[in-house]
file query_7.cif (mmCIF, C-alpha atoms)
data_final
loop_
_atom_site.label_atom_id
_atom_site.label_comp_id
_atom_site.auth_asym_id
_atom_site.auth_seq_id
_atom_site.Cartn_x
_atom_site.Cartn_y
_atom_site.Cartn_z
CA MET A 1 16.13 -10.80 -5.79
CA VAL A 2 13.00 -8.62 -5.56
CA TYR A 3 9.54 -10.08 -6.09
CA ILE A 4 7.06 -7.67 -7.72
CA GLU A 5 3.62 -9.13 -7.14
CA LYS A 6 0.40 -8.33 -8.97
CA TYR A 7 -1.62 -7.57 -5.88
CA THR A 8 0.06 -4.22 -5.58
CA GLY A 9 -1.82 -3.61 -8.84
CA THR A 10 -0.50 -4.25 -12.34
CA SER A 11 -0.55 -0.50 -13.01
CA ASP A 12 2.04 -0.03 -10.23
CA ASN A 13 4.52 -2.48 -11.72
CA PRO A 14 6.42 -0.06 -14.00
CA SER A 15 7.20 2.37 -11.16
CA LEU A 16 8.07 -0.44 -8.73
CA PHE A 17 10.28 -2.01 -11.39
CA ALA A 18 12.10 1.28 -11.99
CA SER A 19 12.67 1.65 -8.24
CA CYS A 20 14.19 -1.83 -8.08
CA LEU A 21 16.60 -0.97 -10.88
CA LYS A 22 17.47 2.32 -9.18
CA ILE A 23 18.54 0.64 -5.92
CA GLY A 24 20.73 -1.86 -7.77
CA CYS A 25 18.76 -5.11 -7.70
CA HIS A 26 20.44 -7.74 -9.87
CA ALA A 27 17.39 -10.02 -10.31
CA ILE A 28 13.63 -9.39 -10.39
CA PHE A 29 10.78 -11.90 -10.21
CA LEU A 30 7.89 -10.15 -11.97
CA GLU A 31 4.31 -11.38 -11.67
CA LYS A 32 2.22 -11.69 -14.81
CA PRO A 33 1.30 -9.90 -17.01
CA GLY A 34 4.19 -7.60 -16.03
CA ALA A 35 2.68 -4.26 -17.01
CA PRO A 36 -0.65 -2.81 -18.18
CA SER A 37 0.53 -2.33 -21.77
CA VAL A 38 3.07 -3.63 -24.28
CA SER A 39 4.84 -0.27 -24.51
CA GLU A 40 5.38 -0.12 -20.75
CA LEU A 41 6.64 -3.70 -20.58
CA GLU A 42 8.99 -3.12 -23.52
CA SER A 43 10.43 -0.10 -21.74
CA MET A 44 10.91 -2.15 -18.56
CA ARG A 45 12.64 -4.90 -20.55
CA ASP A 46 14.98 -2.43 -22.24
CA ASP A 47 15.87 -0.73 -18.95
CA ALA A 48 16.61 -4.09 -17.33
CA LYS A 49 18.89 -5.11 -20.18
CA LYS A 50 20.79 -1.80 -19.96
CA SER A 51 21.29 -2.41 -16.24
CA GLY A 52 22.27 -6.05 -16.68
CA VAL A 53 19.35 -7.21 -14.53
CA SER A 54 17.81 -10.67 -14.97
CA VAL A 55 14.01 -10.71 -15.03
CA PHE A 56 12.02 -13.89 -14.37
CA MET A 57 8.29 -14.00 -15.06
CA GLY A 58 5.64 -15.57 -12.84
CA PHE A 59 3.99 -17.73 -15.49
CA ASN A 60 3.64 -20.81 -13.30
CA LYS A 61 2.01 -23.01 -15.94
CA ASN A 62 5.20 -22.97 -18.00
CA VAL A 63 6.56 -25.46 -15.44
CA SER A 64 3.29 -27.33 -14.68
CA LYS A 65 3.25 -31.10 -14.91
CA PHE A 66 -0.08 -31.18 -16.73
CA VAL A 67 1.36 -29.00 -19.50
CA THR A 68 4.46 -31.17 -19.87
CA LYS A 69 2.33 -34.34 -20.01
CA SER A 70 -0.13 -32.86 -22.52
CA ARG A 71 2.62 -31.69 -24.86
CA SER A 72 4.50 -34.99 -24.55
CA TYR A 73 1.40 -37.02 -25.40
CA ALA A 74 0.55 -34.82 -28.37
CA ASN A 75 4.12 -34.94 -29.66
CA THR A 76 4.08 -38.75 -29.69
CA HIS A 77 0.62 -39.05 -31.26
CA PRO A 78 0.44 -37.50 -34.75
CA ASN A 79 -2.55 -35.46 -35.90
CA THR A 80 -3.62 -34.47 -32.42
CA LYS A 81 -4.63 -31.09 -31.01
CA VAL A 82 -4.20 -29.59 -27.55
CA THR A 83 -6.63 -27.42 -25.62
CA PHE A 84 -5.48 -25.70 -22.43
CA LEU A 85 -8.44 -25.05 -20.13
CA HIS A 86 -8.13 -22.67 -17.17
CA ASN A 87 -10.91 -22.72 -14.55
CA ASN A 88 -11.58 -20.39 -11.62
CA ASN A 89 -14.17 -20.92 -8.90
CA TYR A 90 -16.12 -17.66 -8.76
CA ASP A 91 -19.83 -17.76 -7.98
CA GLU A 92 -21.96 -17.05 -11.07
CA SER A 93 -23.76 -14.17 -9.37
CA PRO A 94 -23.45 -10.61 -10.74
CA GLU A 95 -22.02 -9.53 -7.37
CA SER A 96 -19.19 -12.09 -7.41
CA LEU A 97 -18.31 -11.63 -11.06
CA GLY A 98 -18.65 -7.85 -10.82
CA GLU A 99 -16.04 -7.83 -8.06
CA CYS A 100 -13.83 -10.07 -10.21
CA PHE A 101 -14.19 -7.80 -13.26
CA GLU A 102 -13.37 -4.73 -11.18
CA ARG A 103 -10.34 -6.22 -9.42
CA ASN A 104 -9.00 -7.66 -12.68
CA SER A 105 -9.93 -4.70 -14.84
CA GLU A 106 -7.19 -5.42 -17.39
CA GLY A 107 -9.53 -8.13 -18.67
CA MET A 108 -9.46 -11.90 -19.01
CA LEU A 109 -6.91 -12.01 -21.84
CA LYS A 110 -4.37 -9.95 -19.89
CA ASN A 111 -5.10 -11.63 -16.59
CA MET A 112 -6.62 -15.10 -16.26
CA ALA A 113 -5.89 -16.40 -19.78
CA ILE A 114 -2.45 -14.75 -19.96
CA HIS A 115 -0.95 -17.97 -18.57
CA GLU A 116 -2.28 -19.97 -21.52
CA LEU A 117 -1.20 -17.29 -23.99
CA ALA A 118 2.31 -17.57 -22.52
CA LEU A 119 2.18 -21.32 -23.19
CA SER A 120 1.22 -20.63 -26.80
CA VAL A 121 4.14 -18.21 -27.19
CA THR A 122 6.66 -20.45 -25.41
CA TYR A 123 5.79 -23.86 -26.82
CA TYR A 124 3.85 -23.21 -30.03
CA GLY A 125 5.78 -20.26 -31.42
CA VAL A 126 2.76 -17.96 -31.46
CA THR A 127 3.54 -14.32 -32.19
CA VAL A 128 1.42 -11.50 -33.55
CA ASN A 129 3.37 -11.66 -36.81
CA ASN A 130 2.85 -15.38 -37.45
CA ILE A 131 -0.81 -15.84 -36.48
CA SER A 132 -2.65 -17.02 -39.58
CA SER A 133 -6.13 -17.32 -38.04
CA VAL A 134 -8.08 -16.98 -34.80
CA GLU A 135 -11.41 -18.77 -34.43
CA ALA A 136 -13.64 -18.06 -31.45
CA ASP A 137 -15.99 -20.69 -30.05
CA LYS A 138 -19.10 -18.52 -29.84
CA GLU A 139 -21.25 -21.22 -28.26
CA TYR A 140 -18.81 -21.64 -25.36
CA SER A 141 -17.91 -17.99 -24.86
CA SER A 142 -19.86 -15.44 -22.82
CA CYS A 143 -19.24 -11.71 -22.32
CA LYS A 144 -21.05 -9.54 -19.76
CA THR A 145 -21.12 -5.97 -18.49
CA LEU A 146 -21.31 -5.83 -14.68
CA THR A 147 -21.00 -3.24 -11.94
CA GLY A 148 -17.93 -3.17 -9.72
CA PRO A 149 -18.96 -3.04 -6.05
CA SER A 150 -16.22 -0.65 -4.94
CA SER A 151 -16.31 1.95 -7.70
CA GLY A 152 -19.86 1.57 -8.98
CA LYS A 153 -18.42 1.63 -12.51
CA SER A 154 -19.36 -0.77 -15.31
CA PHE A 155 -16.84 -3.37 -16.48
CA THR A 156 -17.17 -5.51 -19.59
CA ASP A 157 -15.30 -8.81 -19.70
CA PHE A 158 -15.63 -12.48 -20.47
CA THR A 159 -17.06 -14.94 -17.99
CA LYS A 160 -16.07 -17.74 -20.39
CA LEU A 161 -13.90 -17.69 -23.47
CA LYS A 162 -12.58 -20.27 -25.93
CA PHE A 163 -10.64 -19.81 -29.15
CA THR A 164 -8.18 -21.57 -31.46
CA ILE A 165 -5.00 -20.01 -32.82
CA LYS A 166 -3.34 -21.29 -35.98
CA THR A 167 0.09 -20.07 -37.09
CA LYS A 168 1.80 -19.71 -40.43
CA ASP A 169 4.16 -22.47 -39.27
CA ASP A 170 1.20 -24.90 -39.07
CA TYR A 171 1.01 -24.96 -35.29
CA GLU A 172 -2.41 -25.02 -33.66
CA VAL A 173 -3.45 -24.57 -30.04
CA SER A 174 -6.80 -23.95 -28.37
CA ILE A 175 -7.30 -21.94 -25.18
CA ALA A 176 -10.34 -21.92 -22.92
CA ALA A 177 -11.02 -20.04 -19.68
CA ASP A 178 -14.03 -20.19 -17.39
CA ARG A 179 -14.38 -17.88 -14.38
CA CYS A 180 -16.91 -20.24 -12.77
CA GLY A 181 -15.64 -23.63 -13.95
CA GLY A 182 -13.95 -24.93 -10.79
CA ASP A 183 -10.47 -24.95 -9.27
CA ASP A 184 -8.48 -26.89 -11.85
CA SER A 185 -6.55 -26.39 -15.07
CA VAL A 186 -6.63 -29.06 -17.76
CA GLY A 187 -4.67 -30.10 -20.83
CA ILE A 188 -6.98 -31.90 -23.27
CA VAL A 189 -5.55 -33.82 -26.24
CA SER A 190 -7.97 -34.61 -29.07
CA ASN A 191 -7.67 -36.32 -32.42
CA ALA A 192 -8.17 -34.60 -35.77
CA GLU A 193 -11.94 -35.16 -35.56
CA GLY A 194 -12.11 -33.46 -32.16
CA LYS A 195 -12.61 -36.61 -30.07
CA GLU A 196 -10.91 -36.35 -26.69
CA LEU A 197 -8.13 -38.90 -26.26
CA VAL A 198 -6.71 -37.97 -22.86
CA ARG A 199 -6.64 -35.16 -20.32
CA PHE A 200 -4.13 -34.13 -17.69
CA THR A 201 -5.15 -32.01 -14.71
CA MET A 202 -3.63 -29.58 -12.27
CA PRO A 203 -3.73 -30.28 -9.38
CA ASP A 204 -3.08 -34.01 -9.50
CA GLU A 205 -2.96 -36.57 -6.70
CA GLU A 206 0.72 -35.83 -6.04
CA ASP A 207 -0.14 -32.25 -5.10
CA ALA A 208 -3.00 -33.04 -2.70
CA ASP A 209 -0.91 -32.96 0.50
CA THR A 210 0.86 -29.73 -0.46
CA ILE A 211 -2.45 -28.01 -1.18
CA LYS A 212 -3.99 -29.26 2.07
CA ASN A 213 -1.01 -27.97 4.07
CA SER A 214 -1.27 -24.57 2.37
CA GLU A 215 -4.97 -24.31 3.18
CA GLU A 216 -4.25 -25.11 6.84
CA ARG A 217 -1.31 -22.69 7.10
CA ILE A 218 -2.95 -19.72 5.38
CA ALA A 219 -6.72 -19.70 5.61
CA GLY A 220 -9.08 -17.47 3.67
CA ALA A 221 -7.23 -17.07 0.35
CA MET A 222 -8.84 -17.47 -3.06
CA PRO A 223 -9.15 -21.21 -3.91
CA TYR A 224 -6.87 -20.99 -6.94
CA PHE A 225 -4.01 -19.74 -4.76
CA TYR A 226 -3.87 -23.11 -3.05
CA VAL A 227 -4.26 -25.08 -6.29
CA GLN A 228 -1.38 -23.22 -7.95
CA ASP A 229 0.91 -23.28 -4.90
CA PRO A 230 2.87 -26.43 -5.90
CA ASP A 231 3.67 -25.00 -9.34
CA TYR A 232 4.66 -21.61 -7.96
CA GLY A 233 6.94 -23.45 -5.54
CA THR A 234 8.62 -25.20 -8.48
CA LEU A 235 8.89 -21.94 -10.38
CA LYS A 236 10.47 -20.02 -7.51
CA ARG A 237 12.92 -22.81 -6.69
CA ARG A 238 14.13 -22.82 -10.29
CA VAL A 239 14.52 -19.04 -10.25
CA ALA A 240 16.40 -19.13 -6.93
CA ARG A 241 18.71 -21.87 -8.21
CA ALA A 242 19.46 -19.94 -11.40
CA ILE A 243 20.32 -16.81 -9.42
CA ALA A 244 22.47 -18.67 -6.90
CA GLU A 245 24.31 -20.83 -9.43
CA GLY A 246 24.29 -18.51 -12.42
CA GLY A 247 22.55 -20.95 -14.75
CA VAL A 248 19.33 -20.91 -16.76
CA ALA A 249 15.99 -21.19 -14.98
CA GLU A 250 14.57 -24.20 -16.80
CA GLY A 251 11.14 -23.53 -18.33
CA VAL A 252 10.78 -20.11 -16.70
CA ALA A 253 9.49 -17.40 -19.02
CA THR A 254 11.72 -14.42 -19.71
CA ILE A 255 10.53 -10.85 -20.00
CA ASP A 256 10.89 -11.21 -23.79
CA VAL A 257 8.29 -13.98 -23.66
CA ALA A 258 6.11 -11.73 -21.50
CA VAL A 259 6.33 -8.89 -24.04
CA GLU A 260 5.28 -11.17 -26.89
CA THR A 261 2.50 -12.67 -24.76
CA LEU A 262 1.12 -9.23 -23.97
CA LYS A 263 1.31 -8.31 -27.66
CA VAL A 264 -0.78 -11.37 -28.48
CA ALA A 265 -3.31 -10.47 -25.75
CA GLU A 266 -3.69 -6.94 -27.12
CA TYR A 267 -3.96 -8.27 -30.68
CA LEU A 268 -6.70 -10.73 -29.72
CA THR A 269 -8.82 -8.33 -27.65
CA PRO A 270 -10.62 -6.56 -30.54
CA ILE A 271 -10.88 -9.82 -32.51
CA LEU A 272 -12.60 -11.81 -29.79
#
call {"tool": "encode", "arguments": {"input": "query_7.cif", "output": "structure tokens"}}
result
Amino acid sequence: MVYIEKYTGTSDNPSLFASCLKIGCHAIFLEKPGAPSVSELESMRDDAKKSGVSVFMGFNKNVSKFVTKSRSYANTHPNTKVTFLHNNNYDESPESLGECFERNSEGMLKNMAIHELALSVTYYGVTVNNISSVEADKEYSSCKTLTGPSSGKSFTDFTKLKFTIKTKDDYEVSIAADRCGGDDSVGIVSNAEGKELVRFTMPDEEDADTIKNSEERIAGAMPYFYVQDPDYGTLKRRVARAIAEGGVAEGVATIDVAVETLKVAEYLTPIL
């Protein structure tokens, strides 16, 4: 198995992917979002299928405990709604956010919030073709234009974003992302009137020791790397087991899910 990681740069993924196919890899673990554009990711998917190569996507929240608990609670309590909140811990200064905008120049929807969009595709059946409405929370959301420290170029992106998607199949899910909101991710279940009933958080108490060990072993990484380490461990173990035993990687997003997720991100960008 070859692991194609985002920090080579998302724009490099298509060429790296093609190289992996060329040398005969039989399985690829591809970090989100997979490619800069839908057309490139579709081409990668088609080439992988022609070569008989399995592709597993690095959407770690698909296997997160807080997501499973949020969905389970909502499914057993009628007339409830779920909001998936994704926080990062950047400083609110123009310098910190400018560096973030520059390094993640594909934008929040294709980068930070792509995890939550993958949840909407996987578990709520969201596709571009079945979205009936998208409602932005304008009071919550904030968009800025800042200067990237390395290039000196201007980058426009969201510092905060919240919106609700409704589908033609009567599914509804809300997504929120905050660059400066902290280190956690949260599943919030509310009743029909919008009153919060319960919330489930990543990380939880069970993950505290794992996160502490990661911080001690590898110092100096971004805070969210440590917070997401337990879930990425679960994700990679499931992928490794599927490759070794020839089964299905439970809960792991396929490249087809990634294509649809990227389509939704590109569809939402001009709307929001």
call {"tool": "resolve_selection", "arguments": {"input": "query_7.cif", "expression": "the PyMOL selection byres ((chain A and resi 22-37) around 9)", "output": "PyMOL selection string"}}
result
chain A and resi 1-6+10-14+17-21+38-42+44+51-59+106+110-111+114-115+236+239+243+255+258-259+261-263+266
call {"tool": "resolve_selection", "arguments": {"input": "query_7.cif", "expression": "the PyMOL selection byres ((chain A and resi 86) around 6)", "output": "PyMOL selection string"}}
result
chain A and resi 85+87+177+185
call {"tool": "atom_distance", "arguments": {"input": "query_7.cif", "atom1": "atom CA of A:Asp184", "atom2": "atom CA of A:Ser96"}}
result
18.8 Å
call {"tool": "atom_distance", "arguments": {"input": "query_7.cif", "atom1": "atom CA of A:Leu272", "atom2": "atom CA of A:Ser142"}}
result
10.7 Å
call {"tool": "residues_around", "arguments": {"input": "query_7.cif", "residues": "A:Ala113", "least_positions_apart": "4", "cutoff": "12 Å", "atoms": "all atoms listed in the file", "output": "ChimeraX atom specification"}}
result
/A:32-33,59,61,84-88,104,106-109,117-120,158-163,174-179,185,261-262,264-265,268-269
call {"tool": "atom_distance", "arguments": {"input": "query_7.cif", "atom1": "atom CA of A:Asn79", "atom2": "atom CA of A:Val198"}}
result
13.9 Å
call {"tool": "residues_around", "arguments": {"input": "query_7.cif", "residues": "A:Ser150", "least_positions_apart": "5", "cutoff": "12 Å", "atoms": "only C-alpha atoms", "output": "list in words"}}
result
Glu95, Gly98, Glu99, Cys100, Phe101, Glu102, Arg103 and Phe155 of chain A
call {"tool": "write_last_selection", "arguments": {"input": "query_7.cif", "atoms": "C-alpha atoms", "output": "PDB file, in the coordinates of the input"}}
result
ATOM      1  CA  GLU A  95     -22.020  -9.530  -7.370  1.00  0.00           C
ATOM      2  CA  GLY A  98     -18.650  -7.850 -10.820  1.00  0.00           C
ATOM      3  CA  GLU A  99     -16.040  -7.830  -8.060  1.00  0.00           C
ATOM      4  CA  CYS A 100     -13.830 -10.070 -10.210  1.00  0.00           C
ATOM      5  CA  PHE A 101     -14.190  -7.800 -13.260  1.00  0.00           C
ATOM      6  CA  GLU A 102     -13.370  -4.730 -11.180  1.00  0.00           C
ATOM      7  CA  ARG A 103     -10.340  -6.220  -9.420  1.00  0.00           C
ATOM      8  CA  PHE A 155     -16.840  -3.370 -16.480  1.00  0.00           C
TER       9      PHE A 155
END
call {"tool": "resolve_selection", "arguments": {"input": "query_7.cif", "expression": "the PyMOL selection byres ((chain A and resi 215-232) around 10)", "output": "number ranges by chain"}}
result
A: 58-65, 87-90, 182-185, 202-204, 206-214, 233-238
call {"tool": "closest_residue", "arguments": {"input": "query_7.cif", "among": "A:Thr167, A:Ser105, A:Ser72, A:Gly152", "to": "A:Asn129", "atoms": "only C-alpha atoms"}}
result
A:Thr167
call {"tool": "residues_around", "arguments": {"input": "query_7.cif", "residues": "A:Ile165", "least_positions_apart": "6", "cutoff": "9 Å", "atoms": "only C-alpha atoms", "output": "PyMOL selection string"}}
result
chain A and resi 120+126+131-136+171-175
call {"tool": "residues_around", "arguments": {"input": "query_7.cif", "residues": "A:Lys81", "least_positions_apart": "4", "cutoff": "12 Å", "atoms": "all atoms listed in the file", "output": "ChimeraX atom specification"}}
result
/A:70-77,124,164-166,170-175,187-199
call {"tool": "closest_residue", "arguments": {"input": "query_7.cif", "among": "A:Ala253, A:Leu97, A:Thr127, A:Gly181", "to": "A:Lys144", "atoms": "only C-alpha atoms"}}
result
A:Leu97
call {"tool": "closest_residue", "arguments": {"input": "query_7.cif", "among": "A:Ile271, A:Val257, A:Met112, A:Val186", "to": "A:Val82", "atoms": "all atoms listed in the file"}}
result
A:Val186
call {"tool": "closest_residue", "arguments": {"input": "query_7.cif", "among": "A:Glu250, A:Pro94, A:Arg45, A:Tyr267", "to": "A:Thr145", "atoms": "all atoms listed in the file"}}
result
A:Pro94
call {"tool": "build_atoms", "arguments": {"input": "query_7.cif", "residues": "stretch 38-53 of chain A", "atoms": "N, CA, C and O atoms", "output": "PDB file, keeping the file's coordinate frame"}}
result
ATOM      1  N   VAL A  38       1.863  -3.155 -23.602  1.00  0.00           N
ATOM      2  CA  VAL A  38       3.070  -3.630 -24.280  1.00  0.00           C
ATOM      3  C   VAL A  38       4.172  -2.577 -24.210  1.00  0.00           C
ATOM      4  O   VAL A  38       5.333  -2.893 -23.926  1.00  0.00           O
ATOM      5  N   SER A  39       3.824  -1.321 -24.476  1.00  0.00           N
ATOM      6  CA  SER A  39       4.840  -0.270 -24.510  1.00  0.00           C
ATOM      7  C   SER A  39       5.546  -0.129 -23.164  1.00  0.00           C
ATOM      8  O   SER A  39       6.766   0.049 -23.094  1.00  0.00           O
ATOM      9  N   GLU A  40       4.776  -0.233 -22.084  1.00  0.00           N
ATOM     10  CA  GLU A  40       5.380  -0.120 -20.750  1.00  0.00           C
ATOM     11  C   GLU A  40       6.284  -1.319 -20.459  1.00  0.00           C
ATOM     12  O   GLU A  40       7.381  -1.160 -19.905  1.00  0.00           O
ATOM     13  N   LEU A  41       5.836  -2.507 -20.838  1.00  0.00           N
ATOM     14  CA  LEU A  41       6.640  -3.700 -20.580  1.00  0.00           C
ATOM     15  C   LEU A  41       7.902  -3.706 -21.440  1.00  0.00           C
ATOM     16  O   LEU A  41       8.973  -4.132 -20.983  1.00  0.00           O
ATOM     17  N   GLU A  42       7.805  -3.228 -22.674  1.00  0.00           N
ATOM     18  CA  GLU A  42       8.990  -3.120 -23.520  1.00  0.00           C
ATOM     19  C   GLU A  42      10.013  -2.170 -22.915  1.00  0.00           C
ATOM     20  O   GLU A  42      11.226  -2.437 -22.942  1.00  0.00           O
ATOM     21  N   SER A  43       9.540  -1.060 -22.381  1.00  0.00           N
ATOM     22  CA  SER A  43      10.430  -0.100 -21.740  1.00  0.00           C
ATOM     23  C   SER A  43      11.092  -0.720 -20.514  1.00  0.00           C
ATOM     24  O   SER A  43      12.307  -0.530 -20.283  1.00  0.00           O
ATOM     25  N   MET A  44      10.347  -1.473 -19.723  1.00  0.00           N
ATOM     26  CA  MET A  44      10.910  -2.150 -18.560  1.00  0.00           C
ATOM     27  C   MET A  44      11.967  -3.162 -18.980  1.00  0.00           C
ATOM     28  O   MET A  44      13.036  -3.260 -18.367  1.00  0.00           O
ATOM     29  N   ARG A  45      11.670  -3.917 -20.023  1.00  0.00           N
ATOM     30  CA  ARG A  45      12.640  -4.900 -20.550  1.00  0.00           C
ATOM     31  C   ARG A  45      13.931  -4.215 -20.993  1.00  0.00           C
ATOM     32  O   ARG A  45      15.035  -4.664 -20.644  1.00  0.00           O
ATOM     33  N   ASP A  46      13.799  -3.120 -21.728  1.00  0.00           N
ATOM     34  CA  ASP A  46      14.980  -2.430 -22.240  1.00  0.00           C
ATOM     35  C   ASP A  46      15.820  -1.844 -21.104  1.00  0.00           C
ATOM     36  O   ASP A  46      17.056  -1.907 -21.134  1.00  0.00           O
ATOM     37  N   ASP A  47      15.143  -1.289 -20.097  1.00  0.00           N
ATOM     38  CA  ASP A  47      15.870  -0.730 -18.950  1.00  0.00           C
ATOM     39  C   ASP A  47      16.597  -1.813 -18.169  1.00  0.00           C
ATOM     40  O   ASP A  47      17.722  -1.604 -17.697  1.00  0.00           O
ATOM     41  N   ALA A  48      15.973  -2.975 -18.036  1.00  0.00           N
ATOM     42  CA  ALA A  48      16.610  -4.090 -17.330  1.00  0.00           C
ATOM     43  C   ALA A  48      17.844  -4.569 -18.070  1.00  0.00           C
ATOM     44  O   ALA A  48      18.888  -4.858 -17.463  1.00  0.00           O
ATOM     45  N   LYS A  49      17.744  -4.652 -19.389  1.00  0.00           N
ATOM     46  CA  LYS A  49      18.890  -5.110 -20.180  1.00  0.00           C
ATOM     47  C   LYS A  49      20.050  -4.117 -20.092  1.00  0.00           C
ATOM     48  O   LYS A  49      21.209  -4.514 -19.990  1.00  0.00           O
ATOM     49  N   LYS A  50      19.742  -2.821 -20.101  1.00  0.00           N
ATOM     50  CA  LYS A  50      20.790  -1.800 -19.960  1.00  0.00           C
ATOM     51  C   LYS A  50      21.487  -1.908 -18.609  1.00  0.00           C
ATOM     52  O   LYS A  50      22.687  -1.630 -18.491  1.00  0.00           O
ATOM     53  N   SER A  51      20.733  -2.306 -17.591  1.00  0.00           N
ATOM     54  CA  SER A  51      21.290  -2.410 -16.240  1.00  0.00           C
ATOM     55  C   SER A  51      21.877  -3.782 -15.940  1.00  0.00           C
ATOM     56  O   SER A  51      22.405  -3.997 -14.846  1.00  0.00           O
ATOM     57  N   GLY A  52      21.749  -4.701 -16.887  1.00  0.00           N
ATOM     58  CA  GLY A  52      22.270  -6.050 -16.680  1.00  0.00           C
ATOM     59  C   GLY A  52      21.490  -6.846 -15.641  1.00  0.00           C
ATOM     60  O   GLY A  52      22.047  -7.697 -14.943  1.00  0.00           O
ATOM     61  N   VAL A  53      20.200  -6.566 -15.541  1.00  0.00           N
ATOM     62  CA  VAL A  53      19.350  -7.210 -14.530  1.00  0.00           C
ATOM     63  C   VAL A  53      18.565  -8.356 -15.165  1.00  0.00           C
ATOM     64  O   VAL A  53      17.932  -8.186 -16.214  1.00  0.00           O
TER      65      VAL A  53
END
